[in-house]
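Just below is one structure, and these are the notes that go with it.
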Protein chains: 2
Amino acid sequence: MYDRQHILSELVQPASTKIVLLVMDGVGDVPNEKGKTPLQVAKKPNLDQLAKQSDLGQTIPVMHGVTPGSGPGHLALFGYDPVKYQIGRGILEALGSDVPVGEKDVVARANFATIQGNIVVDRRAGRPSTEESSKVVEKLARSIQSIEDVKISFYPGKEHRFVVKLTADGLDDRLSDADPQKEGKPFIYTQPLVAEAEKTSRIVNKLLDEIRKVLSNEPKMNCALIRGFSKYPKLPQFPQVYKLKAAAVATYPMYRGIAKLVGMEVIQTGNTVKEEFETVKTAWKDFDFFYVHVKKTDSYGEDGDFDSKVHVIEEVDGVLPILLQLQPDVLVVTGDHSTPVSLKSHSWHPVPLMIHSKHTRRGLSSSFDEFECARGSLGTIYAVDVMGLILAHALRLEKFGA
Amino acid sequence: MYDRQHILSELVQPASTKIVLLVMDGVGDVPNEKGKTPLQVAKKPNLDQLAKQSDLGQTIPVMHGVTPGSGPGHLALFGYDPVKYQIGRGILEALGSDVPVGEKDVVARANFATIQGNIVVDRRAGRPSTEESSKVVEKLARSIQSIEDVKISFYPGKEHRFVVKLTADGLDDRLSDADPQKEGKPFIYTQPLVAEAEKTSRIVNKLLDEIRKVLSNEPKMNCALIRGFSKYPKLPQFPQVYKLKAAAVATYPMYRGIAKLVGMEVIQTGNTVKEEFETVKTAWKDFDFFYVHVKKTDSYGEDGDFDSKVHVIEEVDGVLPILLQLQPDVLVVTGDHSTPVSLKSHSWHPVPLMIHSKHTRRGLSSSFDEFECARGSLGTIYAVDVMGLILAHALRLEKFGA
């Protein structure tokens, strides 16, 4: 398939229409033992009413059968081919921890691990509490500030995880992982994958040695494994590509970070869905496009908590009128992937999609759920095609050819 | 995606089966205020009876969200990737005006415009009537016959539009538009986009000056803007690619022109749908494949005239027995794009598709309309995939692989 984003960018024209893309993270599910999904069990009169006036379909985030991470799931919805634009794990971990990343930085995910002799015996150092590990991260930060001319920064993460950031001119992220991947194997250093990364590789390997020195008295967290080296990726910028003034409203740093990567303006919001929707209302005049992220549908899917996932859907439905009263020209409700309660993880299942505008084929469906979406008027489409539909319904695309 | 046409061409085998591809231009629509589309309102017992014995689906002409012009809409149905084969606007305008175009020609769309000093103040010269502008085109034709060794021809179009044709060896169409695109901007000349187009560029710019001289006394039509330079495109030829003796039956020059581009034989017909179908009957023995084009579904969509669009569908249904009595092995009824009455223009909405043959899965649908098609057994497919299905139902494709 051709580069859809490029074709769209050539057809886009400015307009005054307003768009809301509401992403209920991991909303898609599979039926429970009673044969119902959370979307089917939830009482959601507003979403169901909207379904009657909308086009429904389902999306494939990356490829049939492929379970996406949050990065590819979102990039696809924003119209970026998630196979072409692969974002390093280091940068996503950094964004998820609210670590500031600039153009000179290389960031990476790090694990505390336990080493005996030269053998990595526990890749997670006995899963320390976040509190315990944060103290050790502080110790590293006090002890190691630079290597050669490269500034080194450490940021705490959850449990055994933390983020390492290297800052200097001329760093390169094309390095192999300094991680044996399996326990019982010898500790390994990073290697440059290209000549330009030789300096960065040398610095990282000196850093690994320094960390082992600083941690030599720790009973478990006596070593670090570092992987997923990444620079700040240069992505086509959403506002330029689509001629849209775009805002992101999200309660979790990871999603604000992804939005920032594509050039959206992140606006401050509260912790609840209601506060997020109120934020959209407050900023309504200042933007054409609002990406609004609801996290907890995914969190409860990951927890395997069916009832709480139902409640989050009902919470969204209850405050949906805040968005509806703004009368967006296009309102899209979807997810970035499915997170079935039974799997307690992201999955490959198609994702429910609902597009509301004046120009829909409406009338085919009466409820927003996996089954109505599977039989909806949009069919089963790739998530990367959603932006084209959004722009079309916003009357922001010129005709292709004469 | 791989080149589907190439794969088909390798699988095609000769057969004696007969195929009719009936294109109801712009037939797809969205519901009116009563929740019905023209296809749903129209009384069409023959089409609905056919639906019960057919496979239904819906097509995406180019890409989800993208509204196609007539060129890409038709090329896709004929199995040509509409992104790979982009036909210049000049050639389509020429085909639509029945201008003969040969291999040595470069054609372009021209507008009469009003210029004051060097500023283009009206890109359409006050929208003259076709009669008025035709007289001015005649004046140009009398005054300018050649520049250097290049023959210049002028053909009238509608209102402010006309077609310019340059004929000589070695002309090249890779030129920028001689059109400021916006009013209040200075007149601009064309520029060659490649070295090979330098001569053509020089000729066009001399022509622009000549035209201004000839028109210097016109009150409004005192200048021409010329754009969309195109040579006759070299497309794979339908009869060779698919091993089909193919005929085109169409009442409008544009569609005859597109058919001619892909190598179909255009046969003479009348002005009504009945006459078109009778033409198919008369020529039945001489061809394997008939492309039949019904224009007015699109025209009434563009006019925003719901009832008349309904009547055209009923007119087609009424004379459909003429085609049915020929017992084609494959009869396809579809559109090249949707033209919703509410939008008064082509749109991005999926297009209804019905394939009838002895080998369909039939039995799932009871009516030919947007909703039955959205839930049909073929699913939502790209228009470029229709030719594969046609050839398959005509038992004209060998097995792929052993």
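We name chains A, B, ... following the order of the structure tokens; residues begin at 1 in each chain, and ligands are numbered from 1 as shown.
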Next item on the list: Please determine the contact residues of chain A with respect to chain B at a cut-off of 7 Å, counting only C-alpha atoms, and supply them as number ranges by chain.
Entry: A: 1, 360-361, 363-364, 375, 377, 379, 385, 388-389, 392, 399-402
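Residues of region 255-391 of chain A assigned to strand (DSSP E or B) by DSSP on this structure's backbone: Glu265, Val266, Phe289, Phe290, Tyr291, Val292, His293, Val294, Val330, Leu331, Val332, Val333, Thr334, Ser338, Ser347, Val351, Pro352, Leu353, Met354, Ile355, His356, Gly379, Thr380, Ile381 and Tyr382 of chain A.
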Note to self: Residues within 12 Å of Thr114 (chain A), please, as a PyMOL selection string. Count only C-alpha atoms; anything in the same chain fewer than 4 positions from it doesn't count.
What the structure shows: chain A and resi 118-128+160+183-187+212+215-225
With C-alpha atoms retained, export the selected residues as a PDB file, in the first residue's frame.
```pdb
ATOM      1  CA  ASN A 118      29.623 -12.426  35.705  1.00  0.00           C
ATOM      2  CA  ILE A 119      26.289 -14.291  35.506  1.00  0.00           C
ATOM      3  CA  VAL A 120      22.975 -12.429  35.540  1.00  0.00           C
ATOM      4  CA  VAL A 121      20.959 -14.525  37.998  1.00  0.00           C
ATOM      5  CA  ASP A 122      17.882 -12.269  38.270  1.00  0.00           C
ATOM      6  CA  ARG A 123      17.012  -9.796  35.508  1.00  0.00           C
ATOM      7  CA  ARG A 124      14.637  -7.934  37.844  1.00  0.00           C
ATOM      8  CA  ALA A 125      16.719  -7.974  41.055  1.00  0.00           C
ATOM      9  CA  GLY A 126      13.945  -9.700  42.993  1.00  0.00           C
ATOM     10  CA  ARG A 127      11.356  -7.103  41.877  1.00  0.00           C
ATOM     11  CA  PRO A 128      12.146  -4.381  44.411  1.00  0.00           C
ATOM     12  CA  HIS A 160      13.067  -2.658  38.969  1.00  0.00           C
ATOM     13  CA  GLU A 183      18.799 -15.406  33.282  1.00  0.00           C
ATOM     14  CA  GLY A 184      21.827 -17.627  33.909  1.00  0.00           C
ATOM     15  CA  LYS A 185      23.695 -16.001  31.033  1.00  0.00           C
ATOM     16  CA  PRO A 186      26.778 -13.766  31.277  1.00  0.00           C
ATOM     17  CA  PHE A 187      26.433 -10.003  31.510  1.00  0.00           C
ATOM     18  CA  ARG A 212      28.432  -1.896  38.935  1.00  0.00           C
ATOM     19  CA  LEU A 215      26.142  -0.762  43.354  1.00  0.00           C
ATOM     20  CA  SER A 216      28.797  -3.277  44.426  1.00  0.00           C
ATOM     21  CA  ASN A 217      27.497  -3.352  48.006  1.00  0.00           C
ATOM     22  CA  GLU A 218      23.806  -3.713  47.111  1.00  0.00           C
ATOM     23  CA  PRO A 219      22.520  -7.177  48.029  1.00  0.00           C
ATOM     24  CA  LYS A 220      20.265  -7.582  44.976  1.00  0.00           C
ATOM     25  CA  MET A 221      20.290  -4.428  42.814  1.00  0.00           C
ATOM     26  CA  ASN A 222      23.979  -4.773  42.048  1.00  0.00           C
ATOM     27  CA  CYS A 223      23.968  -4.333  38.294  1.00  0.00           C
ATOM     28  CA  ALA A 224      22.018  -2.617  35.490  1.00  0.00           C
ATOM     29  CA  LEU A 225      20.865  -3.958  32.135  1.00  0.00           C
TER      30      LEU A 225
END
```
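CA of Asp25 (chain B) lies 26.1 Å from CA of His356 (chain A).
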Sort by chain and increasing residue number a table of all residues of region 228-341 of chain B within 7 Å of region 105-113 of chain B, each with its closest pair of atoms and their distance in Å to one decimal, counting only C-alpha atoms, and write it as JSON lines.
```
{"residue": "B:Gly228", "atom": "CA", "partner": "B:Ala108", "partner_atom": "CA", "distance": 5.3}
{"residue": "B:Phe229", "atom": "CA", "partner": "B:Ala108", "partner_atom": "CA", "distance": 4.4}
{"residue": "B:Ser230", "atom": "CA", "partner": "B:Val106", "partner_atom": "CA", "distance": 5.4}
{"residue": "B:Lys231", "atom": "CA", "partner": "B:Val106", "partner_atom": "CA", "distance": 4.6}
```
